[in-house]
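**Q** So here's query.tsv, just TSV, C-alpha atoms:
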```
chain	number	residue	atom	x	y	z
A	22	MET	CA	-18.79	51.31	-14.35
A	23	PRO	CA	-20.17	54.34	-12.42
A	24	TYR	CA	-18.11	57.55	-12.53
A	25	HIS	CA	-16.25	58.50	-9.32
A	26	ARG	CA	-14.38	61.75	-8.72
A	27	PHE	CA	-10.81	61.04	-7.58
A	28	VAL	CA	-7.28	62.37	-7.90
A	29	MET	CA	-5.40	60.58	-10.67
A	30	ILE	CA	-2.13	59.04	-9.52
A	31	ASP	CA	0.36	57.88	-12.11
A	32	LEU	CA	0.68	54.22	-11.18
A	33	PRO	CA	1.55	51.22	-13.32
A	34	ARG	CA	-1.64	49.60	-14.59
A	35	PRO	CA	-1.72	46.54	-12.26
A	36	THR	CA	-0.97	48.69	-9.20
A	37	PHE	CA	-3.50	51.30	-10.26
A	38	CYS	CA	-6.24	48.73	-10.71
A	39	PHE	CA	-5.37	47.16	-7.34
A	40	ALA	CA	-5.61	50.57	-5.69
A	41	LEU	CA	-9.00	51.17	-7.26
A	42	CYS	CA	-10.32	47.80	-6.25
A	43	LEU	CA	-9.09	47.86	-2.66
A	44	GLY	CA	-8.20	51.41	-1.62
A	45	LEU	CA	-11.14	53.19	-3.24
A	46	ALA	CA	-13.65	50.34	-3.01
A	47	VAL	CA	-14.71	50.75	-6.59
A	48	VAL	CA	-16.71	47.73	-7.69
A	49	THR	CA	-15.64	46.70	-11.16
A	50	SER	CA	-15.44	43.50	-13.13
A	51	SER	CA	-12.48	44.80	-15.15
A	52	CYS	CA	-9.96	44.30	-12.31
A	53	PRO	CA	-8.23	40.92	-12.55
A	54	VAL	CA	-8.91	38.58	-9.63
A	55	ALA	CA	-6.11	36.19	-8.62
A	56	ALA	CA	-7.16	32.58	-9.09
A	57	GLU	CA	-7.36	30.60	-5.90
A	58	THR	CA	-4.59	28.00	-5.68
A	59	PRO	CA	-6.18	24.53	-5.89
A	60	GLU	CA	-5.58	22.12	-3.02
A	61	ILE	CA	-6.44	18.47	-2.56
A	62	THR	CA	-6.45	16.23	0.49
A	63	VAL	CA	-4.58	12.95	0.13
A	64	ALA	CA	-5.34	10.27	2.71
A	65	THR	CA	-2.50	7.80	3.19
A	66	TRP	CA	-0.27	6.16	5.78
A	67	GLY	CA	2.40	7.90	7.83
A	68	GLY	CA	5.84	6.86	9.04
A	69	VAL	CA	8.52	5.75	6.59
A	70	TYR	CA	5.86	5.11	3.97
A	71	GLY	CA	4.42	8.60	4.20
A	72	ASP	CA	7.88	10.20	4.21
A	73	ALA	CA	8.75	8.34	1.01
A	74	GLN	CA	5.55	9.52	-0.67
A	75	GLN	CA	6.30	13.10	0.31
A	76	ALA	CA	9.74	12.96	-1.29
A	77	ALA	CA	8.90	10.86	-4.37
A	78	ILE	CA	5.40	12.07	-5.26
A	79	ILE	CA	3.72	14.79	-3.25
A	80	LYS	CA	6.34	17.55	-3.19
A	81	PRO	CA	7.34	17.04	-6.85
A	82	PHE	CA	3.66	17.03	-7.84
A	83	THR	CA	3.06	20.38	-6.17
A	84	ARG	CA	6.20	21.87	-7.71
A	85	LEU	CA	5.13	20.69	-11.16
A	86	THR	CA	1.43	21.57	-11.07
A	87	GLY	CA	1.05	24.23	-8.38
A	88	ILE	CA	-1.66	22.10	-6.78
A	89	GLY	CA	-1.29	22.02	-3.00
A	90	VAL	CA	-1.58	18.72	-1.14
A	91	ARG	CA	-2.88	18.42	2.39
A	92	ILE	CA	-1.99	15.09	4.03
A	93	HIS	CA	-4.37	13.04	6.18
A	94	HIS	CA	-2.93	9.95	7.88
A	95	HIS	CA	-5.80	7.48	7.89
A	96	GLY	CA	-3.97	4.67	9.73
A	97	SER	CA	-6.03	2.09	7.77
A	98	ASP	CA	-9.24	3.58	9.17
A	99	PHE	CA	-11.44	4.14	6.13
A	100	GLN	CA	-14.72	4.39	8.00
A	101	PRO	CA	-15.03	8.19	7.65
A	102	LEU	CA	-15.21	7.57	3.93
A	103	LEU	CA	-17.28	4.38	3.97
A	104	ASP	CA	-19.72	5.86	6.48
A	105	ASN	CA	-20.12	9.13	4.56
A	106	THR	CA	-23.81	9.31	3.62
A	107	ALA	CA	-24.09	13.05	3.29
A	108	LYS	CA	-24.53	14.71	-0.09
A	109	GLY	CA	-21.70	17.10	0.67
A	110	PRO	CA	-18.11	16.73	-0.48
A	111	ALA	CA	-16.11	13.62	0.38
A	112	PRO	CA	-13.73	13.91	3.34
A	113	TRP	CA	-10.69	13.28	1.11
A	114	SER	CA	-9.83	14.00	-2.53
A	115	VAL	CA	-7.60	10.95	-3.09
A	116	VAL	CA	-6.96	7.92	-0.91
A	117	ASP	CA	-4.21	5.30	-0.80
A	118	ILE	CA	-6.10	2.15	0.09
A	119	GLU	CA	-5.93	-1.63	0.19
A	120	ARG	CA	-8.08	-3.89	-1.95
A	121	ALA	CA	-10.63	-5.13	0.61
A	122	PRO	CA	-11.95	-1.71	1.70
A	123	LEU	CA	-11.61	-0.50	-1.89
A	124	SER	CA	-13.89	-3.28	-3.12
A	125	GLN	CA	-16.35	-2.66	-0.30
A	126	GLY	CA	-16.50	1.05	-1.04
A	127	CYS	CA	-16.67	0.51	-4.79
A	128	ASP	CA	-19.69	-1.78	-4.39
A	129	GLN	CA	-21.35	0.89	-2.25
A	130	GLY	CA	-20.70	3.67	-4.74
A	131	LYS	CA	-18.17	5.39	-2.45
A	132	PHE	CA	-15.49	5.61	-5.14
A	133	VAL	CA	-15.32	6.94	-8.67
A	134	LYS	CA	-14.95	4.34	-11.45
A	135	LEU	CA	-11.60	5.07	-13.09
A	136	ASP	CA	-10.84	4.91	-16.81
A	137	ILE	CA	-7.23	3.74	-16.89
A	138	GLU	CA	-6.84	4.43	-20.61
A	139	LEU	CA	-8.06	7.99	-20.17
A	140	LEU	CA	-5.72	8.60	-17.23
A	141	LEU	CA	-2.63	6.68	-18.32
A	142	GLY	CA	-2.96	5.88	-22.01
A	143	LYS	CA	-4.18	2.94	-24.08
A	144	ALA	CA	-1.10	0.78	-23.48
A	145	ALA	CA	-1.11	1.17	-19.70
A	146	ARG	CA	-3.41	-1.73	-18.83
A	147	ASP	CA	-0.94	-4.37	-20.01
A	148	ASP	CA	1.84	-2.62	-18.09
A	149	PHE	CA	0.32	-3.47	-14.69
A	150	ILE	CA	1.02	-6.71	-12.85
A	151	PRO	CA	-2.18	-8.81	-12.85
A	152	GLY	CA	-4.15	-8.11	-9.70
A	153	THR	CA	-3.04	-4.48	-9.33
A	154	LEU	CA	-5.92	-2.88	-11.21
A	155	HIS	CA	-9.45	-2.41	-9.86
A	156	PRO	CA	-12.56	-0.78	-11.35
A	157	CYS	CA	-12.22	1.94	-8.71
A	158	GLY	CA	-8.47	1.96	-8.15
A	159	ILE	CA	-5.09	1.98	-9.86
A	160	GLY	CA	-2.29	-0.01	-8.27
A	161	ALA	CA	0.83	1.70	-6.97
A	162	LEU	CA	2.98	-0.64	-4.91
A	163	ILE	CA	3.25	-4.31	-4.05
A	164	TRP	CA	4.27	-5.22	-0.52
A	165	SER	CA	4.85	-8.71	0.70
A	166	GLN	CA	5.07	-11.06	3.63
A	167	ALA	CA	7.88	-13.59	3.66
A	168	VAL	CA	9.88	-15.58	6.21
A	169	ALA	CA	12.84	-13.97	7.96
A	170	PHE	CA	15.37	-16.07	9.85
A	171	ASP	CA	18.33	-15.54	12.18
A	172	ALA	CA	21.35	-15.97	9.90
A	173	ASN	CA	23.61	-16.75	12.86
A	174	GLN	CA	21.51	-19.74	13.87
A	175	PHE	CA	21.67	-21.49	10.49
A	176	LYS	CA	25.05	-20.63	9.02
A	177	ALA	CA	26.02	-24.08	7.76
A	178	SER	CA	22.71	-24.98	6.14
A	179	PRO	CA	20.25	-22.06	5.95
A	180	PRO	CA	16.55	-22.62	5.27
A	181	THR	CA	15.47	-21.91	1.70
A	182	THR	CA	11.85	-23.01	1.34
A	183	LEU	CA	8.54	-22.41	3.05
A	184	ALA	CA	8.53	-26.09	4.06
A	185	ASP	CA	11.68	-25.39	6.10
A	186	PHE	CA	9.70	-22.97	8.24
A	187	PHE	CA	7.56	-25.90	9.40
A	188	ASN	CA	10.51	-28.32	9.81
A	189	LEU	CA	11.36	-28.14	13.52
A	190	ALA	CA	13.59	-31.20	13.41
A	191	ARG	CA	16.04	-29.81	10.85
A	192	PHE	CA	15.61	-26.14	11.81
A	193	PRO	CA	14.85	-26.01	15.55
A	194	GLY	CA	13.68	-22.94	17.39
A	195	LYS	CA	10.67	-20.77	18.04
A	196	ARG	CA	8.54	-19.57	15.14
A	197	GLY	CA	6.93	-16.15	14.83
A	198	LEU	CA	3.43	-16.19	13.35
A	199	PHE	CA	0.99	-13.42	12.62
A	200	ALA	CA	-1.80	-13.53	15.19
A	201	GLY	CA	-4.57	-13.94	12.60
A	202	ALA	CA	-5.73	-16.58	10.15
A	203	GLU	CA	-5.22	-14.50	7.01
A	204	GLY	CA	-1.94	-15.48	5.44
A	205	ASN	CA	-1.15	-18.30	7.84
A	206	LEU	CA	-3.60	-20.76	6.29
A	207	GLU	CA	-2.25	-20.03	2.83
A	208	LEU	CA	1.36	-20.48	3.97
A	209	ALA	CA	0.53	-23.79	5.62
A	210	LEU	CA	-1.00	-25.24	2.47
A	211	MET	CA	1.79	-24.02	0.18
A	212	ALA	CA	4.40	-25.42	2.56
A	213	ASN	CA	2.64	-28.76	2.12
A	214	GLY	CA	3.00	-28.62	-1.66
A	215	ILE	CA	-0.27	-26.98	-2.71
A	216	PRO	CA	0.32	-24.70	-5.75
A	217	PRO	CA	-0.58	-21.03	-5.17
A	218	GLU	CA	-3.31	-21.12	-7.82
A	219	ASP	CA	-5.14	-23.91	-5.95
A	220	VAL	CA	-4.94	-22.55	-2.42
A	221	TYR	CA	-8.25	-20.70	-2.26
A	222	ASP	CA	-10.25	-23.43	-3.96
A	223	ILE	CA	-8.99	-25.81	-1.28
A	224	LEU	CA	-9.66	-23.37	1.57
A	225	LYS	CA	-13.29	-23.06	0.47
A	226	LYS	CA	-13.78	-26.67	1.56
A	227	PRO	CA	-13.90	-27.81	5.21
A	228	GLU	CA	-11.33	-30.53	4.59
A	229	GLY	CA	-8.98	-27.94	3.11
A	230	VAL	CA	-9.28	-25.75	6.20
A	231	ASN	CA	-8.66	-28.80	8.39
A	232	GLN	CA	-5.56	-29.58	6.36
A	233	ALA	CA	-4.19	-26.08	6.88
A	234	PHE	CA	-4.79	-26.15	10.64
A	235	ALA	CA	-3.18	-29.59	10.90
A	236	ILE	CA	0.00	-28.22	9.31
A	237	LEU	CA	-0.03	-25.22	11.62
A	238	GLU	CA	-0.44	-27.58	14.56
A	239	THR	CA	2.98	-29.08	13.83
A	240	ILE	CA	4.61	-25.84	15.04
A	241	ARG	CA	1.99	-24.75	17.58
A	242	SER	CA	4.21	-25.64	20.57
A	243	GLN	CA	6.94	-23.33	19.24
A	244	ALA	CA	4.72	-20.49	18.00
A	245	VAL	CA	5.13	-16.90	19.16
A	246	PHE	CA	2.39	-14.63	17.83
A	247	TRP	CA	2.88	-11.07	16.61
A	248	GLN	CA	0.49	-8.31	15.54
A	249	ALA	CA	2.34	-5.06	14.78
A	250	GLY	CA	4.66	-4.90	11.78
A	251	ASP	CA	7.76	-4.07	13.84
A	252	GLU	CA	7.38	-7.06	16.18
A	253	PRO	CA	9.00	-9.77	13.98
A	254	GLU	CA	12.26	-7.83	13.81
A	255	GLN	CA	12.21	-7.37	17.57
A	256	LEU	CA	11.55	-11.07	18.10
A	257	LEU	CA	14.60	-11.94	16.01
A	258	ASN	CA	16.74	-9.22	17.60
A	259	ASP	CA	15.90	-10.50	21.08
A	260	GLY	CA	16.57	-14.12	20.12
A	261	ARG	CA	13.02	-15.13	21.01
A	262	VAL	CA	12.51	-16.81	17.63
A	263	THR	CA	14.81	-18.28	15.01
A	264	MET	CA	12.33	-17.73	12.16
A	265	THR	CA	9.27	-15.58	11.72
A	266	THR	CA	6.81	-14.49	9.11
A	267	ALA	CA	7.36	-10.79	8.53
A	268	TYR	CA	6.77	-7.84	6.23
A	269	ALA	CA	9.71	-8.30	3.90
A	270	ALA	CA	10.61	-4.66	3.29
A	271	ARG	CA	11.50	-4.19	6.94
A	272	PHE	CA	14.41	-6.59	6.43
A	273	MET	CA	15.49	-5.07	3.12
A	274	ARG	CA	15.84	-1.47	4.28
A	275	PRO	CA	18.78	-0.55	6.53
A	276	ARG	CA	17.96	-1.91	9.99
A	277	GLN	CA	18.76	0.55	12.75
A	278	GLY	CA	19.99	-1.14	15.91
A	279	ALA	CA	19.93	-4.66	14.46
A	280	ARG	CA	21.79	-7.00	16.78
A	281	ARG	CA	21.41	-10.20	14.75
A	282	PRO	CA	21.77	-10.60	10.98
A	283	ALA	CA	18.58	-11.71	9.28
A	284	LYS	CA	17.88	-13.13	5.85
A	285	LEU	CA	14.67	-13.72	3.92
A	286	ILE	CA	13.08	-16.81	2.44
A	287	TRP	CA	11.20	-15.63	-0.66
A	288	SER	CA	9.64	-19.01	-1.37
A	289	HIS	CA	5.86	-18.56	-1.78
A	290	GLN	CA	5.74	-15.03	-0.48
A	291	LEU	CA	2.32	-13.46	0.11
A	292	TRP	CA	1.69	-10.17	-1.60
A	293	ARG	CA	-0.85	-7.38	-1.57
A	294	ALA	CA	-1.13	-4.11	-3.48
A	295	THR	CA	-1.97	-0.56	-2.54
A	296	TYR	CA	-4.27	1.46	-4.82
A	297	TRP	CA	-4.97	5.09	-5.51
A	298	ALA	CA	-8.69	5.86	-5.55
A	299	ILE	CA	-10.94	8.91	-5.77
A	300	PRO	CA	-13.86	9.12	-3.33
A	301	ALA	CA	-17.23	9.88	-4.88
A	302	GLY	CA	-18.20	13.47	-4.20
A	303	THR	CA	-14.68	14.90	-4.22
A	304	ASP	CA	-14.84	18.62	-4.84
A	305	ASP	CA	-11.93	18.66	-7.32
A	306	ALA	CA	-12.00	15.50	-9.41
A	307	VAL	CA	-9.77	17.02	-12.08
A	308	SER	CA	-6.91	17.70	-9.65
A	309	ALA	CA	-7.44	14.28	-8.07
A	310	GLU	CA	-7.11	12.61	-11.45
A	311	ARG	CA	-3.98	14.61	-12.21
A	312	PHE	CA	-2.50	13.43	-8.93
A	313	ILE	CA	-3.20	9.75	-9.65
A	314	THR	CA	-1.80	10.04	-13.17
A	315	TYR	CA	1.38	11.53	-11.74
A	316	ALA	CA	1.62	9.15	-8.77
A	317	THR	CA	1.38	6.05	-10.97
A	318	ASP	CA	3.92	7.23	-13.52
A	319	PRO	CA	6.72	4.62	-13.84
A	320	GLU	CA	9.39	7.05	-12.67
A	321	ARG	CA	7.39	7.99	-9.58
A	322	LEU	CA	6.82	4.32	-8.74
A	323	ALA	CA	10.52	3.62	-9.15
A	324	GLU	CA	11.35	6.50	-6.81
A	325	LEU	CA	9.04	5.00	-4.20
A	326	ALA	CA	10.51	1.53	-4.64
A	327	ILE	CA	14.00	2.91	-4.08
A	328	ARG	CA	12.93	4.37	-0.75
A	329	LEU	CA	10.63	1.60	0.47
A	330	TRP	CA	11.87	-1.61	-1.17
A	331	TYR	CA	8.36	-2.36	-2.37
A	332	GLY	CA	7.62	-3.58	-5.88
A	333	PRO	CA	6.13	-1.12	-8.39
A	334	ALA	CA	2.72	-2.23	-9.67
A	335	ARG	CA	3.81	-1.36	-13.22
A	336	LYS	CA	6.36	-3.42	-15.11
A	337	SER	CA	7.84	-0.24	-16.54
A	338	GLY	CA	8.18	1.06	-12.98
A	339	TYR	CA	10.19	-2.02	-12.06
A	340	ALA	CA	12.39	-1.50	-15.13
A	341	ALA	CA	13.04	2.10	-14.03
A	342	VAL	CA	14.51	0.95	-10.70
A	343	PRO	CA	18.34	0.96	-10.73
A	344	ALA	CA	19.73	-2.44	-11.71
A	345	THR	CA	21.77	-2.57	-8.49
A	346	MET	CA	18.63	-3.08	-6.41
A	347	ARG	CA	16.06	-4.29	-8.96
A	348	GLU	CA	16.72	-8.00	-8.45
A	349	ASP	CA	16.27	-7.69	-4.70
A	350	LEU	CA	12.70	-6.37	-4.89
A	351	PRO	CA	9.77	-8.66	-4.08
A	352	THR	CA	8.62	-8.47	-7.70
A	353	ALA	CA	11.92	-9.70	-9.16
A	354	ARG	CA	11.19	-12.90	-11.07
A	355	LYS	CA	13.36	-15.07	-8.81
A	356	ASN	CA	11.33	-13.87	-5.81
A	357	PHE	CA	7.90	-13.54	-7.40
A	358	HIS	CA	7.46	-16.59	-9.61
A	359	ASP	CA	5.67	-18.64	-6.93
A	360	ALA	CA	4.14	-15.75	-4.95
A	361	LEU	CA	0.50	-15.74	-3.87
A	362	ASN	CA	-1.73	-12.69	-4.15
A	363	ILE	CA	-3.89	-12.54	-1.02
A	364	ASP	CA	-7.52	-12.88	-2.14
A	365	SER	CA	-9.40	-10.12	-0.30
A	366	ASP	CA	-12.76	-11.31	-1.66
A	367	PHE	CA	-12.15	-14.73	-0.15
A	368	TRP	CA	-11.35	-13.22	3.24
A	369	THR	CA	-14.37	-10.95	3.10
A	370	THR	CA	-16.62	-13.99	2.62
A	371	TYR	CA	-14.91	-16.67	4.70
A	372	GLY	CA	-12.74	-14.58	6.99
A	373	PRO	CA	-14.99	-14.10	10.04
A	374	ALA	CA	-15.46	-17.84	10.63
A	375	LEU	CA	-11.82	-18.67	9.91
A	376	GLU	CA	-10.56	-15.91	12.19
A	377	ASP	CA	-12.77	-17.18	15.01
A	378	ARG	CA	-11.40	-20.69	14.59
A	379	PHE	CA	-7.82	-19.43	14.46
A	380	ARG	CA	-8.34	-17.39	17.61
A	381	VAL	CA	-9.48	-20.50	19.48
A	382	TRP	CA	-6.59	-22.51	18.01
A	383	ARG	CA	-3.92	-20.09	19.18
A	384	GLY	CA	-5.52	-19.79	22.60
A	385	GLY	CA	-7.37	-16.47	22.47
```
Would you mind writing the file out in structure tokens?
**A**
Amino acid sequence: MPYHRFVMIDLPRPTFCFALCLGLAVVTSSCPVAAETPEITVATWGGVYGDAQQAAIIKPFTRLTGIGVRIHHHGSDFQPLLDNTAKGPAPWSVVDIERAPLSQGCDQGKFVKLDIELLLGKAARDDFIPGTLHPCGIGALIWSQAVAFDANQFKASPPTTLADFFNLARFPGKRGLFAGAEGNLELALMANGIPPEDVYDILKKPEGVNQAFAILETIRSQAVFWQAGDEPEQLLNDGRVTMTTAYAARFMRPRQGARRPAKLIWSHQLWRATYWAIPAGTDDAVSAERFITYATDPERLAELAIRLWYGPARKSGYAAVPATMREDLPTARKNFHDALNIDSDFWTTYGPALEDRFRVWRGG
């Protein structure tokens, strides 16, 4: 260090060194430099879902690790990531994503292959519900689609099975249906007695697709189509339908402004999972991995389930949910034993043609 003439001031050592480094512009490697606080960008959904993640995962993670988290609400638009061809850093550090775009991106090398044993321990793999692990993603939550019905309309003899949804004679009234083929074809076949494990083998054949559309045709005259997740509840509230397919959690959480009581039919529910993934090229893979390890801890998943009424992807996460609400979750055995996991690979391959046919069937 070069010698500089200066007046010595009796300062405590840290203050003295700071004065030298800043006030006197002395260049020295002996002065400690404060480490920059790490920060990651987590891409996820907003609304109630995002609020629950903030409370159950993100804020506690930052308090525990000191790692800052910047939130990006992707709104299911993953194209900035999938279209990223530059050699620079990925747009996000961690992403909460569904299986179809995860598989697409994984095949294209857009995501890091994850070692679940390294991140979560050797016993973790058997702790996850089958279908919630992916080479490039680790499952977090299970969300489902079931049938909701107006409890006032069917007090004496309420519907209990998926077949009842298609029985207009015994359970009259309009039916709410999602405005796309995905999910509806599966429901139609299962309502007709096809076991969940056989559904996609049958739908790969033209006669199987014809069978599904024929079942849907039995309620076509009473069908009211919905697109956004909040529409089924509004349809029931307004009395425009007596039953509707719906995202189940919306009828499990407290319903603000509900004018009609609604109940759920869990028979042959459809379920999907969300996954945590790390984009290839992230500039802080270590912090991203720490986040995923924390976010998929059983206690964190239970905290999310409490707020969202989704099922934890880990069995130990389900066990950590308070017993008072555990049996009401979509992954409770009484609700989940005949559930169908939506096959995203099937819909990637066969979806375009089936969606076109469904669009014509429902009238555009």
**Q** Grab the CA of Phe234 in chain A to CA of Phe187 in chain A distance for me, in Å with one decimal place.
**A**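 So the two atoms, CA of Phe234 in chain A and CA of Phe187 in chain A, lie 12.4 Å apart.
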**Q** With only C-alpha atoms as the basis for distance, which of A:Gln75, A:Ser97, A:Thr263, A:Gln290 is at the shortest distance from Ala353 in chain A?
**A**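 Using only C-alpha atoms, the shortest distance to Ala353 in chain A belongs to A:Gln290.
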**Q** Could you jot down the CA of Thr62 in chain A to CA of Gly142 in chain A separation for me, Å, one decimal place?
**A**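 Going from CA of Thr62 in chain A over to CA of Gly142 in chain A covers 25.0 Å.
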**Q** Of the candidates A:Ile240, A:Ile118, A:Leu140, A:Leu206, which one gets nearest to Leu162 in chain A if we count only C-alpha atoms?
**A** A:Ile118
**Q** Can you tell me, as a PyMOL selection string, what residues are no more than 7 Å from range 172-186 of chain A when counting all atoms listed in the file, ignoring any on the same chain fewer than 3 positions away?
**A** chain A and resi 192+212-213+263+282-284+286+288-289
**Q** Write a file of the selected residues as a JSON list (two decimals), in the frame of the given file, keeping C-alpha atoms.
**A**
```
[["chain", "number", "residue", "atom", "x", "y", "z"],
["A", 192, "PHE", "CA", 15.61, -26.14, 11.81],
["A", 212, "ALA", "CA", 4.40, -25.42, 2.56],
["A", 213, "ASN", "CA", 2.64, -28.76, 2.12],
["A", 263, "THR", "CA", 14.81, -18.28, 15.01],
["A", 282, "PRO", "CA", 21.77, -10.60, 10.98],
["A", 283, "ALA", "CA", 18.58, -11.71, 9.28],
["A", 284, "LYS", "CA", 17.88, -13.13, 5.85],
["A", 286, "ILE", "CA", 13.08, -16.81, 2.44],
["A", 288, "SER", "CA", 9.64, -19.01, -1.37],
["A", 289, "HIS", "CA", 5.86, -18.56, -1.78]]
```
**Q** Would you compute the distance between CA of Asp222 in chain A and CA of Arg378 in chain A? Give it in Å to one decimal.
**A**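 Calculated distance between CA of Asp222 in chain A and CA of Arg378 in chain A is 18.8 Å.
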**Q** Which residues, written as a PyMOL selection string, have at least one atom at most 7 Å from range 251-262 of chain A, with only C-alpha atoms counted and residues fewer than 3 positions away on the same chain left out?
**A** chain A and resi 171+194-197+247+265+267+279-281
**Q** Counting all atoms listed in the file, what is within 8 Å of Ile88 in chain A, bar same-chain residues fewer than 6 positions away, as a VMD selection string?
**A** chain A and resid 58 to 61 82 308
**Q** Using only C-alpha atoms, which of A:Glu376, A:Asp349, A:Asp72, A:Asp148 sits nearest Asp318 in chain A?
**A**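 Nearest to Asp318 in chain A: A:Asp148.
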**Q** Find the residue from A:Leu123, A:Leu210, A:Val90, A:Leu285 that sits nearest to Ile78 in chain A; use all atoms listed in the file when measuring.
**A** A:Val90
**Q** Need to verify the contact set: Leu154 in chain A, 12 Å, all atoms listed in the file, exclusion of same-chain residues closer than 2 positions in sequence. Can you return it as a PyMOL selection string?
**A** chain A and resi 119-120+123-124+134-138+145-152+156-163+293-298+317+334-335
**Q** List as a PyMOL selection string the residues having at least one atom at most 7 Å from position (13.1, -0.2, -8.5) as given in the file, counting all atoms listed in the file.
**A** chain A and resi 323+326-327+332+338-343+346-347
**Q** From the set A:Ala270, A:Val116, A:Ala169, A:Ala233, which residue has the shortest atom-to-atom contact distance to Pro101 in chain A, counting all atoms listed in the file?
**A**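 Using all atoms listed in the file, the shortest distance to Pro101 in chain A belongs to A:Val116.
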**Q** Would you compute an axis-aligned box for range 171-177 of chain A, covering every atom listed for it in the file with 5 Å of margin on each side, and report centre and edge lengths in Å to one decimal as lines of an AutoDock Vina configuration file?
**A**
```
center_x = 22.2
center_y = -19.8
center_z = 10.8
size_x = 17.7
size_y = 18.5
size_z = 16.1
```
**Q** For range 248-259 of chain A of the block above, can you save N, CA and C atoms as a PDB file, in the first residue's frame?
**A**
```
ATOM      1  N   GLN A 248     -64.862 -19.939 -19.698  1.00  0.00           N
ATOM      2  CA  GLN A 248     -63.432 -19.913 -20.001  1.00  0.00           C
ATOM      3  C   GLN A 248     -62.599 -19.529 -18.776  1.00  0.00           C
ATOM      4  N   ALA A 249     -62.914 -18.397 -18.153  1.00  0.00           N
ATOM      5  CA  ALA A 249     -62.145 -17.938 -16.998  1.00  0.00           C
ATOM      6  C   ALA A 249     -62.548 -18.705 -15.748  1.00  0.00           C
ATOM      7  N   GLY A 250     -61.581 -18.870 -14.822  1.00  0.00           N
ATOM      8  CA  GLY A 250     -61.800 -19.685 -13.646  1.00  0.00           C
ATOM      9  C   GLY A 250     -62.885 -19.196 -12.713  1.00  0.00           C
ATOM     10  N   ASP A 251     -63.209 -17.892 -12.751  1.00  0.00           N
ATOM     11  CA  ASP A 251     -64.229 -17.367 -11.842  1.00  0.00           C
ATOM     12  C   ASP A 251     -65.641 -17.477 -12.422  1.00  0.00           C
ATOM     13  N   GLU A 252     -65.763 -17.874 -13.682  1.00  0.00           N
ATOM     14  CA  GLU A 252     -67.073 -17.912 -14.325  1.00  0.00           C
ATOM     15  C   GLU A 252     -68.012 -18.980 -13.765  1.00  0.00           C
ATOM     16  N   PRO A 253     -67.538 -20.209 -13.472  1.00  0.00           N
ATOM     17  CA  PRO A 253     -68.471 -21.213 -12.942  1.00  0.00           C
ATOM     18  C   PRO A 253     -69.195 -20.753 -11.681  1.00  0.00           C
ATOM     19  N   GLU A 254     -68.489 -20.111 -10.762  1.00  0.00           N
ATOM     20  CA  GLU A 254     -69.126 -19.628  -9.548  1.00  0.00           C
ATOM     21  C   GLU A 254     -70.176 -18.578  -9.869  1.00  0.00           C
ATOM     22  N   GLN A 255     -69.882 -17.719 -10.832  1.00  0.00           N
ATOM     23  CA  GLN A 255     -70.847 -16.695 -11.219  1.00  0.00           C
ATOM     24  C   GLN A 255     -72.067 -17.322 -11.875  1.00  0.00           C
ATOM     25  N   LEU A 256     -71.849 -18.347 -12.680  1.00  0.00           N
ATOM     26  CA  LEU A 256     -72.974 -19.033 -13.321  1.00  0.00           C
ATOM     27  C   LEU A 256     -73.913 -19.630 -12.282  1.00  0.00           C
ATOM     28  N   LEU A 257     -73.341 -20.244 -11.247  1.00  0.00           N
ATOM     29  CA  LEU A 257     -74.167 -20.805 -10.184  1.00  0.00           C
ATOM     30  C   LEU A 257     -74.839 -19.707  -9.371  1.00  0.00           C
ATOM     31  N   ASN A 258     -74.092 -18.666  -9.050  1.00  0.00           N
ATOM     32  CA  ASN A 258     -74.642 -17.561  -8.256  1.00  0.00           C
ATOM     33  C   ASN A 258     -75.832 -16.910  -8.953  1.00  0.00           C
ATOM     34  N   ASP A 259     -75.731 -16.795 -10.273  1.00  0.00           N
ATOM     35  CA  ASP A 259     -76.791 -16.140 -11.049  1.00  0.00           C
ATOM     36  C   ASP A 259     -77.948 -17.081 -11.372  1.00  0.00           C
TER      37      ASP A 259
END
```
